[in-house]
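Structure first, then comments.
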Amino acid sequence: MREAGTGGSGSGRGGSRTWPFCILLPCVLPLVSGHPQCLDFKPPFRPPHGLAFCTRYASLGCCESAKDAEIRSRFYRVMDNVDYSLYHTCAVFVQDILCGECSPYAAHLYDAEDPSTPIRQLPGLCREYCSELWTKCRPVLPPLVEGGPLLDLVPNRRKFCQAVRLQDLDYCFPHLLTNSNLTRNLGAVSEDTDGCLQLCLEEVANGLRNPVAMVHAGDGTHRFFVAEQLGLVWVYLHTRARLDKPFLNISQAVLTSPWEGDERGFLGLAFHPGYRHTGKVYVYYSVELRLEEKIRISEFTVSSDDMNVLDHRSERIILEVDEPASNHNGGQLLFGDDGFLYIFTGDGGMAGDPFGKYGNSQNKSALLGKVLRVDVNHNHRGPLYRIPVDNPFARDPGARPEVYAYGVRNMWRCSVDRGDPLTKEGKGRIFCGDVGQNKYEEVDIIEKGRNYGWKAKEGFSCYDKKLCANSSLNDVLPIFAYPHSVGKSVTGGYIYRGCQSPNLNGLYIFGDFMSGRLMALAEDSRSGTWHDHKICMGRGQTCLFPGLCNQYHRYIISFGEDEAGELYFLSTRIPTSTSPTGVVYKIVDPSRRAPPRKCRYAPLAVKVKSKLINFAPRPRLSKRPRKKQGRPRGRGRQGSGAGNSTDWFVELLRSLEKLQAGQDGDGGRGSVEVAEIPVDGAVRLAGVDSGPDRGTVEVYVGGVWGTVCDDLWDLRSARVVCRQLGFPAALAAYRLAELGAGGGPVLLDDVRCRGGEDNLLQCPHAPVAEINCSHSEDAGVLCGNARS
């Protein structure tokens with residue numbers, strides 16, 4: 001699977017940037033833009049053919065040509081009832097008011113941001129504008145309102161203007177036309193004051209156990225397939241209903257465990273590019289044979305009886321590679337535009353690639369630490385794979401002919417660029433995230449025969465100084481690298497080439513497993529360089545479109561792309577192969593969508609033979625703000641990242657607010673007595689090897705039991721815990737979950753006690769829940785009576 005580098009930080013590209021950590025705690029950021037929204041509760045769009053009548057909104061708005069023509073017809077019906085002497089004066093008023101439906105802020109103008117509220121008869125008008133309208137054009141008002149409650153108010157200027165008035169002076173018409181906060185970069189991806197791109201999410205699947213991959217079959221059915229680390233693959237229809245029977249279940253053969261951080265398991269799958277005709281699927285998983293661990297690449301064929309199930313008896317082993325350690329297993333499979341199968345292996349594990357003189361990655365005669373390319377087409381007779389004739393080392397007697405590129409450490413999640421929808425620029429490029437060792441994570445573009453530097457280099461920095469100084473290294477540098485102060489385990493993503501969010505076209509969107517950060521790279525086509533952007537979840541009302549959310553589970557395991565090119569990522573709250581907290585999220589740009597009907601497709605029929613389980617999204621963490629007269633800017637917490645949509649998270653935030661406000665009456669002093677509701681700072685011992693005097697430390701904060709990261713953990717901090725538990729001394733301070741992993745979230749990091757504190761919360765520590773580690777780094781203690 002993948003592993004996190006440990007320790008260290010660097011100043012590689014992006015190292016000097018400020019990365020706001022808004023994942024588990026609220027971030028209060030000033031508003032810099034409005035919330036464009038149409039009356040169908042979706043973002044505005046660019047009309048494909050412009051507008052002939054409501055020309056003000058021809059470049060961005062909420063109307064297509066048909067709606068524009070409908071408004072024009074209504075305009076003439078209204079004006080037919082007006083005396084000709086008023087025509088010239090009132091036509092502009094009537095046109096502006098009727099075209100309010102086409103405004104990118106139509107939902108605000110009509111006071112309809114919430115689908116549960118009725119739409120106003122007229123858009124919200126500013127007081128002076130309404131007064132001028134009533135004074136100059138009162139005869140047009142009855143046909144304009146077309147009956148309804150406003151008709152009775154027309155004779156009285158004060159009552160009429162009070163009824164149509166929009167209290168928010170920024171959003172009322174025509175003030176919104178000149179409000180720079182609302183018109184600046186309208187239709188572009190919103191950024192906060194720190195330059196963080198604000199996007200939203202749509203949940204499409206949940207209840208998954210460490211979902212490691214999401215792929216589509218490319219067969220026109222628009223199904224998508226999600227693989228779990230345990231060895232099961234599930235089928236989802238385009239309606240997001242899941243089939244009760246798995247597409248594949250090889251969990252009995254897959255080698256993995258329920259422990260957090262286990263990199264073994266079912267790691268990847270790829271559909272043959274001609275799957276509609278061949279029915280072939282390729283999988284990558286860990287096995288144990290005669291006490292030896294291996295990675296296995298196998299081929300399966302779809303069942304002749306059920307198009308939603310693979311024939312488990314059809315497995316043919318394409319390749320097996322010995323794994324000298326249980327980590328750095330690689331796991332990516334994909335087909336390139338050339339029709340060949342690409343296999344991405346890890347360097348064999350441990351740390352620093354210690355195998356042989358130069359390590360596996362730099363040894364072209366080893367299959368580990370490589371990008372392999374093989375031809376599995378037409379393999380029903382003869383060898384199961386052939387070597388493409390243009391493989392770079394096919395004729396090198398000192399290299400394995402399968403090797404396409406080398407010098408990789410542990411590439412986790414790679415993808416093929418579909419190319420620009422119009423120009424096809426970039427088509428066929430392969431992007432990969434390569435997990436680093438101690439300092440840097442990197443993103444690479446894979447090219448034939450190239451050396452990607454490991455273990456001589458890590459990111460742009462030297463790792464093995466002797467190898468790094470070797471003039472024959474001839475390595476290719478990554479397009480981007482970031483230090484471990486940002487994240488410790490890159491998850492490669494995709495270049496967005498979908499239809500529904502046109503602003504995202506060409507952005508490479510990826511993330512980090514450990515920190516939960518989402519990031520993006522944009523290419524400068526003139527120089528070929530890549531510039532990084534932070535991604536935050538939209539705050540306030542930005543993501544309050546129906547079906548959207550702005551929080552996600554922290555551990556970003558993988559990214560996926562559906563058949564239409566829309567982009568998804570898979571994350572989990574508890575990163576173990578047995579925890580059903582995995583969710584699939586679709587990435588959505590709330591600032592602009594494609595025109596209606598542009599992205600429609602007609603999926604081919606799927607014959608279903610097993611039970612369908614309809615998708616039900618989890619309850620949203622934050623409620624929609626109550627409707628109010630003021631500016632609809634929303635002052636809820638920023639959902640900028642992996643907030644866990646669970647009750648414990650809500651309680652944690654509430655309790656943290658109380659702690660910050662000094663409202664906890666007990667002052668945070670812990671107690672070894674377990675009351676019905678523990679006090680903040682209370683501790684207990686957990687883990688598989690726990691006992692009354694030893695175990696992994698769990699601390700109670702804000703209604704939640706969670707663990708302590710072992711960064712800076714020492715005997716002085718252990719002494720505080722043991723004294724809380726009634727022991728006079730601490731005999732040992734354990735790290736790296738030596739006594740087993742604890743439960744709940746990791747709550748405390750960088751704890752630095754002097755030894756005399758009453759509980760861990762009194763010791764200096766990082767802000768609660770702002771951590772950069774996993775349960776594989778849980779701290780533990782051994783308590784006793786002898787003083788150390």
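Lettering and numbering for the structure tokens are positional, with chains as A, B, ... in the shown order, residues counted from 1 in each chain, and ligands counted from 1 in the shown order.
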
Item to complete: Excluding Leu208 of chain A and residues on its chain fewer than 2 positions from it, collect all residues at most 6 Å away from it, counting only C-alpha atoms, and give them as a PyMOL selection string.
Response: chain A and resi 206+211+580-582

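If you count only C-alpha atoms and ignore residues fewer than 3 places along the chain from Gln198 of chain A, what sits within 6 Å of it is Ser190, Glu191, Cys536, Met537 and Gly538 of chain A.
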
Write a file of the just-selected residues containing N, CA, C and O atoms, as an mmCIF file, in the first residue's frame.
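File written: part.cif
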```
data_model
loop_
_atom_site.group_PDB
_atom_site.id
_atom_site.type_symbol
_atom_site.label_atom_id
_atom_site.label_comp_id
_atom_site.auth_asym_id
_atom_site.auth_seq_id
_atom_site.Cartn_x
_atom_site.Cartn_y
_atom_site.Cartn_z
ATOM 1 N N SER A 190 -13.059 30.074 -6.408
ATOM 2 C CA SER A 190 -12.905 31.008 -5.301
ATOM 3 C C SER A 190 -11.633 30.715 -4.523
ATOM 4 O O SER A 190 -11.248 29.558 -4.346
ATOM 5 N N GLU A 191 -10.994 31.764 -4.060
ATOM 6 C CA GLU A 191 -9.832 31.635 -3.194
ATOM 7 C C GLU A 191 -10.075 32.432 -1.922
ATOM 8 O O GLU A 191 -10.747 33.459 -1.949
ATOM 9 N N CYS A 536 -8.862 24.170 -0.066
ATOM 10 C CA CYS A 536 -9.640 24.161 1.168
ATOM 11 C C CYS A 536 -11.081 23.829 0.812
ATOM 12 O O CYS A 536 -11.510 23.979 -0.333
ATOM 13 N N MET A 537 -11.827 23.398 1.779
ATOM 14 C CA MET A 537 -13.253 23.225 1.567
ATOM 15 C C MET A 537 -13.953 24.568 1.736
ATOM 16 O O MET A 537 -13.624 25.346 2.637
ATOM 17 N N GLY A 538 -14.897 24.867 0.856
ATOM 18 C CA GLY A 538 -15.609 26.140 0.890
ATOM 19 C C GLY A 538 -16.256 26.378 2.241
ATOM 20 O O GLY A 538 -16.874 25.491 2.825
#
```

Practice prompt. Would you kindly return, as a list in words, each protein, DNA or RNA residue with an atom no farther than 12 Å from any atom of Asn379 of chain A, considering only C-alpha atoms and excluding same-chain residues fewer than 6 positions away?
Written response: Thr278, Lys280, Glu299, Arg316, Ile318, Tyr385, Arg386 and Ile387 of chain A

Discussion item. I need the strand (DSSP E) residues of segment 203-397 of chain A per DSSP on the backbone, written as an MDAnalysis selection string.
Written reply: chainID A and resid 203:208 211:216 224:228 232:236 242:243 248:249 266:271 280:289 292:302 310:322 332:335 341:344 370:374

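Nearest-residue note for Asp714 of chain A: choosing from A:Leu747, A:Lys357, A:Leu133, A:Gly755, the minimum distance belongs to A:Gly755, counting only C-alpha atoms.
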
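In this comparison, which uses only C-alpha atoms, the residue of A:His765, A:Arg723, A:Arg413, A:Arg264 approaching Val490 of chain A most closely is A:Arg413.
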
Item to complete: Excluding segment 691-702 of chain A and any residue of its chain fewer than 6 positions from it, enumerate the residues within 8 Å of it, using only C-alpha atoms, and give them as a PyMOL selection string.
Response: chain A and resi 651-656+678-685+708+721+737+739-743+747+778-784

Worksheet entry | Residue contacts of Leu712 of chain A (9 Å, only C-alpha atoms) excluding same-chain residues fewer than 6 positions away, as a PyMOL selection string | chain A and resi 749-752

Item to complete: Write out as an MDAnalysis selection string the residues lying within 9 Å of segment 49-54 of chain A, counting only C-alpha atoms and excluding same-chain residues fewer than 5 positions away.
Response: chainID A and resid 59 63:65 68:69 71:72 95:96 98:100 102

Response to the item:
If you count only C-alpha atoms, the residue of A:His272, A:Arg592, A:Arg209, A:His108 closest to Trp234 of chain A turns out to be A:Arg209

Worksheet entry | Nearest to Ala520 of chain A, chosen from A:Tyr494, A:Tyr76, A:Tyr87, A:Phe545, with only C-alpha atoms counted in the distances | A:Tyr494

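Remark: for Thr491 of chain A, the closest of the candidate residues A:Ser558, A:Gln551, A:Asn470, A:Asn785 is A:Ser558 (distances computed over only C-alpha atoms).
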
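Pairwise distance (atom CA of Pro421 of chain A, atom CA of His222 of chain A) equals 18.4 Å.
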
Worksheet item: Which residues in segment 192-391 of chain A does DSSP call alpha helix (DSSP H)? List them as a PyMOL selection string.
Response: chain A and resi 275-278

Please produce, as JSON lines, a per-residue contact table for segment 468-587 of chain A versus segment 600-606 of chain A (criterion: any atom at most 12 Å away, only C-alpha atoms considered), showing the nearest atom pair and its distance in Å to one decimal, sorted by chain then residue number.
```
{"residue": "A:Gly498", "atom": "CA", "partner": "A:Arg600", "partner_atom": "CA", "distance": 11.9}
{"residue": "A:Cys499", "atom": "CA", "partner": "A:Arg600", "partner_atom": "CA", "distance": 9.4}
{"residue": "A:Gln500", "atom": "CA", "partner": "A:Arg600", "partner_atom": "CA", "distance": 9.7}
{"residue": "A:Glu563", "atom": "CA", "partner": "A:Pro603", "partner_atom": "CA", "distance": 9.9}
{"residue": "A:Ala564", "atom": "CA", "partner": "A:Tyr601", "partner_atom": "CA", "distance": 8.2}
{"residue": "A:Gly565", "atom": "CA", "partner": "A:Tyr601", "partner_atom": "CA", "distance": 11.8}
```
